[in-house]
file model15.pdb (PDB, C-alpha atoms)
MODEL        1
ATOM      1  CA  MET A 179    -193.354 103.943 115.111
ATOM      2  CA  PRO A 180    -189.874 102.408 114.739
ATOM      3  CA  LYS A 181    -189.376  99.948 111.950
ATOM      4  CA  LEU A 182    -188.310  96.501 113.049
ATOM      5  CA  SER A 183    -186.115  94.258 110.963
ATOM      6  CA  VAL A 184    -185.793  90.676 112.098
ATOM      7  CA  THR A 185    -184.282  87.503 110.741
ATOM      8  CA  HIS A 186    -186.391  84.406 110.057
ATOM      9  CA  PHE A 187    -185.079  82.860 113.252
ATOM     10  CA  GLU A 188    -185.873  85.863 115.439
ATOM     11  CA  ALA A 189    -189.381  86.195 113.998
ATOM     12  CA  ALA A 190    -190.116  82.507 114.544
ATOM     13  CA  LEU A 191    -188.760  82.685 118.095
ATOM     14  CA  LEU A 192    -190.920  85.708 118.955
ATOM     15  CA  PHE A 193    -193.934  83.949 117.470
ATOM     16  CA  ALA A 194    -193.162  80.850 119.553
ATOM     17  CA  ILE A 195    -192.843  82.821 122.803
ATOM     18  CA  PHE A 196    -196.173  84.644 122.593
ATOM     19  CA  SER A 197    -198.086  81.699 121.144
ATOM     20  CA  SER A 198    -196.789  79.441 123.919
ATOM     21  CA  ILE A 199    -197.905  81.887 126.614
ATOM     22  CA  VAL A 200    -201.459  82.005 125.228
ATOM     23  CA  LEU A 201    -201.633  78.249 124.625
ATOM     24  CA  GLY A 202    -200.468  77.620 128.179
ATOM     25  CA  ILE A 203    -203.074  79.975 129.652
ATOM     26  CA  VAL A 204    -206.084  78.700 127.724
ATOM     27  CA  SER A 205    -205.302  74.980 127.721
ATOM     28  CA  LYS A 206    -204.794  73.910 131.320
ATOM     29  CA  LYS A 207    -206.613  74.272 134.615
ATOM     30  CA  THR A 208    -203.939  74.951 137.219
ATOM     31  CA  ASP A 209    -201.128  77.489 137.159
ATOM     32  CA  HIS A 210    -198.529  74.753 137.533
ATOM     33  CA  ASP A 211    -199.917  72.879 134.515
ATOM     34  CA  ARG A 212    -200.166  76.116 132.532
ATOM     35  CA  VAL A 213    -196.498  76.936 133.068
ATOM     36  CA  ARG A 214    -195.438  73.400 132.213
ATOM     37  CA  TYR A 215    -197.597  73.262 129.081
ATOM     38  CA  GLY A 216    -196.423  76.706 127.947
ATOM     39  CA  LEU A 217    -192.786  75.662 128.314
ATOM     40  CA  ARG A 218    -193.475  72.379 126.551
ATOM     41  CA  CYS A 219    -195.160  74.197 123.645
ATOM     42  CA  PHE A 220    -192.197  76.544 123.391
ATOM     43  CA  GLY A 221    -189.868  73.549 123.307
ATOM     44  CA  TYR A 222    -191.918  71.917 120.559
ATOM     45  CA  PHE A 223    -191.908  75.153 118.563
ATOM     46  CA  CYS A 224    -188.112  75.329 118.843
ATOM     47  CA  ILE A 225    -187.643  71.678 117.864
ATOM     48  CA  ALA A 226    -189.940  72.140 114.856
ATOM     49  CA  LEU A 227    -188.132  75.349 113.940
ATOM     50  CA  PHE A 228    -184.743  73.656 113.778
ATOM     51  CA  ALA A 229    -186.107  70.486 112.170
ATOM     52  CA  VAL A 230    -187.980  72.298 109.407
ATOM     53  CA  GLY A 231    -185.047  74.669 108.931
ATOM     54  CA  TRP A 232    -182.664  71.764 108.354
ATOM     55  CA  ILE A 233    -185.163  69.985 106.076
ATOM     56  CA  MET A 234    -185.470  73.093 103.926
ATOM     57  CA  TYR A 235    -181.710  73.593 103.910
ATOM     58  CA  LEU A 236    -181.004  69.990 102.897
ATOM     59  CA  GLY A 237    -183.933  69.853 100.475
ATOM     60  CA  HIS A 238    -182.861  72.997  98.711
ATOM     61  CA  GLY A 239    -179.827  71.185  97.342
TER      62      GLY A 239
ATOM     63  CA  MET B   7    -228.975  71.887 155.702
ATOM     64  CA  ALA B   8    -226.516  70.124 153.443
ATOM     65  CA  ASN B   9    -229.209  69.774 150.793
ATOM     66  CA  ALA B  10    -230.020  73.468 151.012
ATOM     67  CA  SER B  11    -226.344  74.323 150.516
ATOM     68  CA  ALA B  12    -226.027  71.953 147.566
ATOM     69  CA  SER B  13    -229.137  73.338 145.891
ATOM     70  CA  THR B  14    -227.839  76.899 146.376
ATOM     71  CA  ASP B  15    -224.556  75.964 144.687
ATOM     72  CA  ALA B  16    -226.357  74.274 141.825
ATOM     73  CA  ALA B  17    -228.576  77.291 141.312
ATOM     74  CA  ALA B  18    -225.694  79.772 141.432
ATOM     75  CA  PRO B  19    -226.244  82.094 138.474
ATOM     76  CA  VAL B  20    -223.741  81.769 135.691
ATOM     77  CA  ARG B  21    -222.650  85.120 134.365
ATOM     78  CA  SER B  22    -224.044  86.100 130.973
ATOM     79  CA  TRP B  23    -221.355  85.334 128.441
ATOM     80  CA  ILE B  24    -222.259  87.973 125.850
ATOM     81  CA  PRO B  25    -220.632  91.012 127.527
ATOM     82  CA  VAL B  26    -217.663  88.845 128.492
ATOM     83  CA  VAL B  27    -217.029  87.673 124.934
ATOM     84  CA  ALA B  28    -217.693  91.148 123.519
ATOM     85  CA  LEU B  29    -215.164  92.710 125.890
ATOM     86  CA  ALA B  30    -212.740  89.857 125.255
ATOM     87  CA  TRP B  31    -212.877  90.672 121.543
ATOM     88  CA  LEU B  32    -212.593  94.422 121.969
ATOM     89  CA  VAL B  33    -209.775  94.344 124.537
ATOM     90  CA  PRO B  34    -207.630  91.190 124.503
ATOM     91  CA  GLY B  35    -207.779  89.738 128.018
ATOM     92  CA  GLY B  36    -210.733  92.000 128.848
ATOM     93  CA  GLY B  37    -213.094  89.075 129.323
ATOM     94  CA  HIS B  38    -210.738  87.625 131.914
ATOM     95  CA  PHE B  39    -210.520  90.991 133.667
ATOM     96  CA  LEU B  40    -214.320  91.130 133.807
ATOM     97  CA  LEU B  41    -214.320  87.647 135.341
ATOM     98  CA  ARG B  42    -211.654  88.737 137.857
ATOM     99  CA  ARG B  43    -208.897  86.572 136.364
ATOM    100  CA  TYR B  44    -206.452  89.460 136.412
ATOM    101  CA  GLY B  45    -203.209  87.525 136.078
ATOM    102  CA  ARG B  46    -204.328  85.504 133.085
ATOM    103  CA  GLY B  47    -206.001  88.534 131.531
ATOM    104  CA  GLY B  48    -202.818  90.545 131.892
ATOM    105  CA  LEU B  49    -200.702  87.860 130.264
ATOM    106  CA  LEU B  50    -203.179  87.507 127.389
ATOM    107  CA  LEU B  51    -203.213  91.278 126.886
ATOM    108  CA  LEU B  52    -199.415  91.377 126.935
ATOM    109  CA  SER B  53    -199.081  88.528 124.436
ATOM    110  CA  VAL B  54    -201.692  89.730 121.943
ATOM    111  CA  ALA B  55    -200.572  93.364 122.199
ATOM    112  CA  SER B  56    -196.918  92.408 121.725
ATOM    113  CA  MET B  57    -197.732  90.247 118.740
ATOM    114  CA  PHE B  58    -199.833  92.994 117.153
ATOM    115  CA  LEU B  59    -197.266  95.750 117.833
ATOM    116  CA  LEU B  60    -194.461  93.599 116.430
ATOM    117  CA  GLY B  61    -196.589  93.075 113.315
ATOM    118  CA  LEU B  62    -197.054  96.833 112.960
ATOM    119  CA  MET B  63    -193.343  97.485 113.540
ATOM    120  CA  MET B  64    -192.503  94.970 110.835
ATOM    121  CA  ARG B  65    -194.824  96.996 108.587
ATOM    122  CA  GLY B  66    -197.073  94.049 107.877
ATOM    123  CA  PRO B  67    -199.979  94.784 105.542
ATOM    124  CA  MET B  68    -203.557  94.287 106.742
ATOM    125  CA  PHE B  69    -205.693  91.910 104.694
ATOM    126  CA  GLN B  70    -208.664  93.409 102.857
ATOM    127  CA  PRO B  71    -211.629  91.259 101.720
ATOM    128  CA  GLN B  72    -211.019  90.407  98.103
ATOM    129  CA  GLY B  73    -212.905  88.347  95.545
ATOM    130  CA  GLY B  74    -211.530  86.062  92.862
ATOM    131  CA  ASP B  75    -210.834  82.362  92.810
ATOM    132  CA  LEU B  76    -211.614  80.226  95.869
ATOM    133  CA  LEU B  77    -208.091  80.299  97.298
ATOM    134  CA  THR B  78    -207.899  84.083  97.036
ATOM    135  CA  VAL B  79    -211.264  84.438  98.775
ATOM    136  CA  ILE B  80    -210.216  82.105 101.598
ATOM    137  CA  ILE B  81    -206.849  83.797 102.114
ATOM    138  CA  TYR B  82    -208.062  87.391 101.996
ATOM    139  CA  TYR B  83    -211.356  86.959 103.862
ATOM    140  CA  GLY B  84    -209.664  84.678 106.415
ATOM    141  CA  GLY B  85    -206.819  87.144 106.846
ATOM    142  CA  PHE B  86    -209.259  90.008 107.230
ATOM    143  CA  LEU B  87    -211.200  88.128 109.919
ATOM    144  CA  GLY B  88    -207.917  87.286 111.659
ATOM    145  CA  ASP B  89    -206.908  90.960 111.646
ATOM    146  CA  LEU B  90    -210.357  92.013 112.849
ATOM    147  CA  ALA B  91    -210.208  89.558 115.770
ATOM    148  CA  SER B  92    -207.582  91.752 117.437
ATOM    149  CA  GLY B  93    -210.423  94.092 118.352
ATOM    150  CA  LEU B  94    -209.474  97.579 119.477
ATOM    151  CA  PHE B  95    -205.896  97.225 118.245
ATOM    152  CA  TYR B  96    -207.113  96.652 114.681
ATOM    153  CA  LEU B  97    -209.777  99.357 114.866
ATOM    154  CA  LEU B  98    -207.357 101.932 116.300
ATOM    155  CA  SER B  99    -204.621 101.220 113.794
ATOM    156  CA  VAL B 100    -207.072 101.562 110.889
ATOM    157  CA  TRP B 101    -208.671 104.702 112.326
ATOM    158  CA  LEU B 102    -205.243 106.240 112.900
ATOM    159  CA  GLY B 103    -204.402 105.686 109.244
ATOM    160  CA  TYR B 104    -202.194 102.601 109.211
ATOM    161  CA  ASN B 105    -202.220 101.526 105.588
ATOM    162  CA  GLN B 106    -199.180  99.513 104.665
ATOM    163  CA  PRO B 107    -199.111  98.381 101.039
ATOM    164  CA  ASP B 108    -198.289  94.752 100.347
ATOM    165  CA  VAL B 109    -194.644  94.837  99.265
ATOM    166  CA  ALA B 110    -192.068  92.111  98.796
ATOM    167  CA  GLY B 111    -189.771  91.175 101.654
ATOM    168  CA  HIS B 112    -189.681  88.597 104.371
ATOM    169  CA  VAL B 113    -190.052  91.118 107.218
ATOM    170  CA  HIS B 114    -193.295  92.541 105.742
ATOM    171  CA  ASP B 115    -194.500  89.013 105.214
ATOM    172  CA  TYR B 116    -193.807  88.065 108.829
ATOM    173  CA  GLY B 117    -195.500  91.287 109.906
ATOM    174  CA  ALA B 118    -198.720  90.287 108.121
ATOM    175  CA  LYS B 119    -198.586  86.872 109.817
ATOM    176  CA  PHE B 120    -197.976  88.423 113.237
ATOM    177  CA  LEU B 121    -201.002  90.689 112.796
ATOM    178  CA  VAL B 122    -203.245  87.750 111.876
ATOM    179  CA  ALA B 123    -201.760  85.520 114.591
ATOM    180  CA  ALA B 124    -202.472  88.208 117.215
ATOM    181  CA  GLY B 125    -206.134  88.042 116.229
ATOM    182  CA  LEU B 126    -206.182  84.249 116.282
ATOM    183  CA  LEU B 127    -204.611  84.184 119.746
ATOM    184  CA  ASN B 128    -207.335  86.597 120.824
ATOM    185  CA  VAL B 129    -209.936  84.141 119.488
ATOM    186  CA  LEU B 130    -208.443  81.513 121.821
ATOM    187  CA  ALA B 131    -208.666  84.003 124.680
ATOM    188  CA  MET B 132    -212.317  84.716 123.787
ATOM    189  CA  VAL B 133    -213.161  81.005 123.828
ATOM    190  CA  ASP B 134    -211.422  80.642 127.202
ATOM    191  CA  ALA B 135    -213.371  83.608 128.630
ATOM    192  CA  TYR B 136    -216.608  82.119 127.260
ATOM    193  CA  GLU B 137    -215.916  78.772 128.934
ATOM    194  CA  ILE B 138    -215.177  80.489 132.246
ATOM    195  CA  ALA B 139    -218.336  82.604 131.954
ATOM    196  CA  ILE B 140    -220.626  79.610 131.385
ATOM    197  CA  GLY B 141    -219.007  77.726 134.249
ATOM    198  CA  LYS B 142    -217.382  75.030 132.132
ATOM    199  CA  LYS B 143    -213.939  76.055 133.323
ATOM    200  CA  ASP B 144    -212.546  77.759 136.413
TER     201      ASP B 144
ENDMDL
END
call {"tool": "encode", "arguments": {"input": "model15.pdb", "output": "structure tokens"}}
result
Amino acid sequence: MPKLSVTHFEAALLFAIFSSIVLGIVSKKTDHDRVRYGLRCFGYFCIALFAVGWIMYLGHG
Amino acid sequence: MANASASTDAAAPVRSWIPVVALAWLVPGGGHFLLRRYGRGGLLLLSVASMFLLGLMMRGPMFQPQGGDLLTVIIYYGGFLGDLASGLFYLLSVWLGYNQPDVAGHVHDYGAKFLVAAGLLNVLAMVDAYEIAIGKKD
């Protein structure tokens, strides 16, 4: 099996994609709502990713 | 006539949830396939399988149950249960000899988290299949 090397950003993005798909599927009742909720979750993941990244960068000194 | 129809609907048998949840654990998305939700089952299978395979490709170590102080017990038993929740993917990788030691490095660390997260996403899929099987959800 090939060995994969990813950056922090890539790993977090991959995590966000697959988690958002599952959260969208299991959380809502119609396909339209599922797609919307999945995209919204992905957006929240990305916002949190950048926010926490900047907090850590600024907090590190 | 209308009453007869309504009583038939109310008495419609709800599928037993045990085989659904068991299959959902063993094969991610399998419970949805059994309940004829092929599209959702396929997406769940794709997501959990991708997450698990990425974890393996990052050479993430599997958690083994380990005693010690409370935090160690929670982390290692919780991690083990998370790994185990991936079902057949976990069983196959262990049977085929996957045994990555816990070494330093952020990629290995992410790999371990991806493996556990795949199992936790499968738990969500199992709960969803259970709710469909008992008729709580469509």
call {"tool": "resolve_selection", "arguments": {"input": "model15.pdb", "expression": "the PyMOL selection byres ((chain B and resi 109-121) around 6)", "output": "short mmCIF file (atom, residue, chain, number, x, y, z; two decimals) with C-alpha atoms, in the frame of the given file"}}
result
data_model
loop_
_atom_site.label_atom_id
_atom_site.label_comp_id
_atom_site.auth_asym_id
_atom_site.auth_seq_id
_atom_site.Cartn_x
_atom_site.Cartn_y
_atom_site.Cartn_z
CA MET B 57 -197.73 90.25 118.74
CA PHE B 58 -199.83 92.99 117.15
CA GLY B 61 -196.59 93.08 113.32
CA MET B 64 -192.50 94.97 110.84
CA ARG B 65 -194.82 97.00 108.59
CA GLY B 66 -197.07 94.05 107.88
CA PRO B 67 -199.98 94.78 105.54
CA PRO B 107 -199.11 98.38 101.04
CA ASP B 108 -198.29 94.75 100.35
CA VAL B 122 -203.24 87.75 111.88
CA ALA B 123 -201.76 85.52 114.59
CA ALA B 124 -202.47 88.21 117.22
#
call {"tool": "closest_residue", "arguments": {"input": "model15.pdb", "among": "A:Cys224, A:Ala229, A:Cys219, A:Met234", "to": "Ala190 of chain A", "atoms": "all atoms listed in the file"}}
result
A:Cys224
call {"tool": "resolve_selection", "arguments": {"input": "model15.pdb", "expression": "the ChimeraX specification (/A :<6) & /B", "output": "PyMOL selection string"}}
result
chain B and resi 53+63-64+134
call {"tool": "atom_distance", "arguments": {"input": "model15.pdb", "atom1": "atom CA of Val26 of chain B", "atom2": "atom CA of Leu60 of chain B"}}
result
26.6 Å
call {"tool": "resolve_selection", "arguments": {"input": "model15.pdb", "expression": "the PyMOL selection byres ((chain B and resi 30) around 9)", "output": "VMD selection string"}}
result
chain B and resid 25 to 29 31 to 40 93 128 to 129 131 to 133 135 to 136
call {"tool": "axis_aligned_box", "arguments": {"input": "model15.pdb", "around": "segment 210-220 of chain A", "padding_each_side": "4 Å", "output": "lines of an AutoDock Vina configuration file"}}
result
center_x = -196.2
center_y = 74.7
center_z = 130.5
size_x = 16.0
size_y = 12.6
size_z = 22.1
call {"tool": "atom_distance", "arguments": {"input": "model15.pdb", "atom1": "atom CA of Leu51 of chain B", "atom2": "atom CA of Ala139 of chain B"}}
result
18.2 Å
call {"tool": "atom_distance", "arguments": {"input": "model15.pdb", "atom1": "atom CA of Gly216 of chain A", "atom2": "atom CA of Gly202 of chain A"}}
result
4.2 Å
call {"tool": "closest_residue", "arguments": {"input": "model15.pdb", "among": "B:Val100, B:Leu127, B:Leu41, B:Val54", "to": "Asp144 of chain B", "atoms": "all atoms listed in the file"}}
result
B:Leu41
call {"tool": "residues_around", "arguments": {"input": "model15.pdb", "residues": "Phe86 of chain B", "least_positions_apart": "5", "cutoff": "9 Å", "atoms": "all atoms listed in the file", "output": "ChimeraX atom specification"}}
result
/B:68-71,81,91,122
call {"tool": "decode", "arguments": {"input": "model15.pdb", "residues": "segment 195-218 of chain A", "atoms": "N, CA and C atoms", "output": "PDB file, in the first residue's frame"}}
result
ATOM      1  N   ILE A 195     -14.165  16.907   4.479  1.00  0.00           N
ATOM      2  CA  ILE A 195     -14.972  16.439   3.343  1.00  0.00           C
ATOM      3  C   ILE A 195     -15.782  15.195   3.729  1.00  0.00           C
ATOM      4  N   PHE A 196     -15.091  14.181   4.239  1.00  0.00           N
ATOM      5  CA  PHE A 196     -15.795  12.911   4.498  1.00  0.00           C
ATOM      6  C   PHE A 196     -16.739  13.021   5.701  1.00  0.00           C
ATOM      7  N   SER A 197     -16.328  13.779   6.706  1.00  0.00           N
ATOM      8  CA  SER A 197     -17.225  13.971   7.853  1.00  0.00           C
ATOM      9  C   SER A 197     -18.487  14.708   7.439  1.00  0.00           C
ATOM     10  N   SER A 198     -18.332  15.717   6.569  1.00  0.00           N
ATOM     11  CA  SER A 198     -19.496  16.493   6.131  1.00  0.00           C
ATOM     12  C   SER A 198     -20.475  15.633   5.342  1.00  0.00           C
ATOM     13  N   ILE A 199     -19.940  14.745   4.507  1.00  0.00           N
ATOM     14  CA  ILE A 199     -20.822  13.859   3.726  1.00  0.00           C
ATOM     15  C   ILE A 199     -21.674  13.017   4.672  1.00  0.00           C
ATOM     16  N   VAL A 200     -21.016  12.399   5.673  1.00  0.00           N
ATOM     17  CA  VAL A 200     -21.755  11.516   6.590  1.00  0.00           C
ATOM     18  C   VAL A 200     -22.738  12.332   7.438  1.00  0.00           C
ATOM     19  N   LEU A 201     -22.299  13.474   7.929  1.00  0.00           N
ATOM     20  CA  LEU A 201     -23.199  14.300   8.749  1.00  0.00           C
ATOM     21  C   LEU A 201     -24.417  14.736   7.945  1.00  0.00           C
ATOM     22  N   GLY A 202     -24.194  15.082   6.677  1.00  0.00           N
ATOM     23  CA  GLY A 202     -25.315  15.474   5.830  1.00  0.00           C
ATOM     24  C   GLY A 202     -26.296  14.329   5.634  1.00  0.00           C
ATOM     25  N   ILE A 203     -25.782  13.126   5.414  1.00  0.00           N
ATOM     26  CA  ILE A 203     -26.655  11.974   5.147  1.00  0.00           C
ATOM     27  C   ILE A 203     -27.492  11.614   6.367  1.00  0.00           C
ATOM     28  N   VAL A 204     -26.857  11.585   7.545  1.00  0.00           N
ATOM     29  CA  VAL A 204     -27.570  11.058   8.715  1.00  0.00           C
ATOM     30  C   VAL A 204     -28.424  12.112   9.433  1.00  0.00           C
ATOM     31  N   SER A 205     -28.225  13.385   9.098  1.00  0.00           N
ATOM     32  CA  SER A 205     -28.889  14.416   9.912  1.00  0.00           C
ATOM     33  C   SER A 205     -30.223  14.893   9.376  1.00  0.00           C
ATOM     34  N   LYS A 206     -30.404  14.881   8.072  1.00  0.00           N
ATOM     35  CA  LYS A 206     -31.603  15.509   7.504  1.00  0.00           C
ATOM     36  C   LYS A 206     -32.500  14.493   6.798  1.00  0.00           C
ATOM     37  N   LYS A 207     -33.712  14.958   6.470  1.00  0.00           N
ATOM     38  CA  LYS A 207     -34.710  14.015   5.948  1.00  0.00           C
ATOM     39  C   LYS A 207     -34.883  14.038   4.436  1.00  0.00           C
ATOM     40  N   THR A 208     -34.590  15.134   3.797  1.00  0.00           N
ATOM     41  CA  THR A 208     -34.726  15.164   2.333  1.00  0.00           C
ATOM     42  C   THR A 208     -33.349  15.349   1.703  1.00  0.00           C
ATOM     43  N   ASP A 209     -33.242  14.927   0.444  1.00  0.00           N
ATOM     44  CA  ASP A 209     -31.951  15.014  -0.240  1.00  0.00           C
ATOM     45  C   ASP A 209     -31.473  16.468  -0.352  1.00  0.00           C
ATOM     46  N   HIS A 210     -32.419  17.355  -0.602  1.00  0.00           N
ATOM     47  CA  HIS A 210     -32.072  18.773  -0.723  1.00  0.00           C
ATOM     48  C   HIS A 210     -31.478  19.287   0.584  1.00  0.00           C
ATOM     49  N   ASP A 211     -32.128  18.935   1.710  1.00  0.00           N
ATOM     50  CA  ASP A 211     -31.626  19.372   3.018  1.00  0.00           C
ATOM     51  C   ASP A 211     -30.283  18.723   3.344  1.00  0.00           C
ATOM     52  N   ARG A 212     -30.131  17.468   2.911  1.00  0.00           N
ATOM     53  CA  ARG A 212     -28.869  16.756   3.177  1.00  0.00           C
ATOM     54  C   ARG A 212     -27.697  17.441   2.478  1.00  0.00           C
ATOM     55  N   VAL A 213     -27.907  17.791   1.218  1.00  0.00           N
ATOM     56  CA  VAL A 213     -26.844  18.464   0.458  1.00  0.00           C
ATOM     57  C   VAL A 213     -26.516  19.808   1.100  1.00  0.00           C
ATOM     58  N   ARG A 214     -27.555  20.553   1.431  1.00  0.00           N
ATOM     59  CA  ARG A 214     -27.334  21.872   2.039  1.00  0.00           C
ATOM     60  C   ARG A 214     -26.604  21.754   3.370  1.00  0.00           C
ATOM     61  N   TYR A 215     -27.039  20.791   4.202  1.00  0.00           N
ATOM     62  CA  TYR A 215     -26.415  20.645   5.524  1.00  0.00           C
ATOM     63  C   TYR A 215     -24.964  20.152   5.400  1.00  0.00           C
ATOM     64  N   GLY A 216     -24.740  19.250   4.442  1.00  0.00           N
ATOM     65  CA  GLY A 216     -23.368  18.768   4.214  1.00  0.00           C
ATOM     66  C   GLY A 216     -22.453  19.905   3.807  1.00  0.00           C
ATOM     67  N   LEU A 217     -22.936  20.750   2.880  1.00  0.00           N
ATOM     68  CA  LEU A 217     -22.120  21.891   2.444  1.00  0.00           C
ATOM     69  C   LEU A 217     -21.899  22.880   3.583  1.00  0.00           C
ATOM     70  N   ARG A 218     -22.956  23.071   4.386  1.00  0.00           N
ATOM     71  CA  ARG A 218     -22.821  24.000   5.512  1.00  0.00           C
ATOM     72  C   ARG A 218     -21.796  23.473   6.533  1.00  0.00           C
TER      73      ARG A 218
END
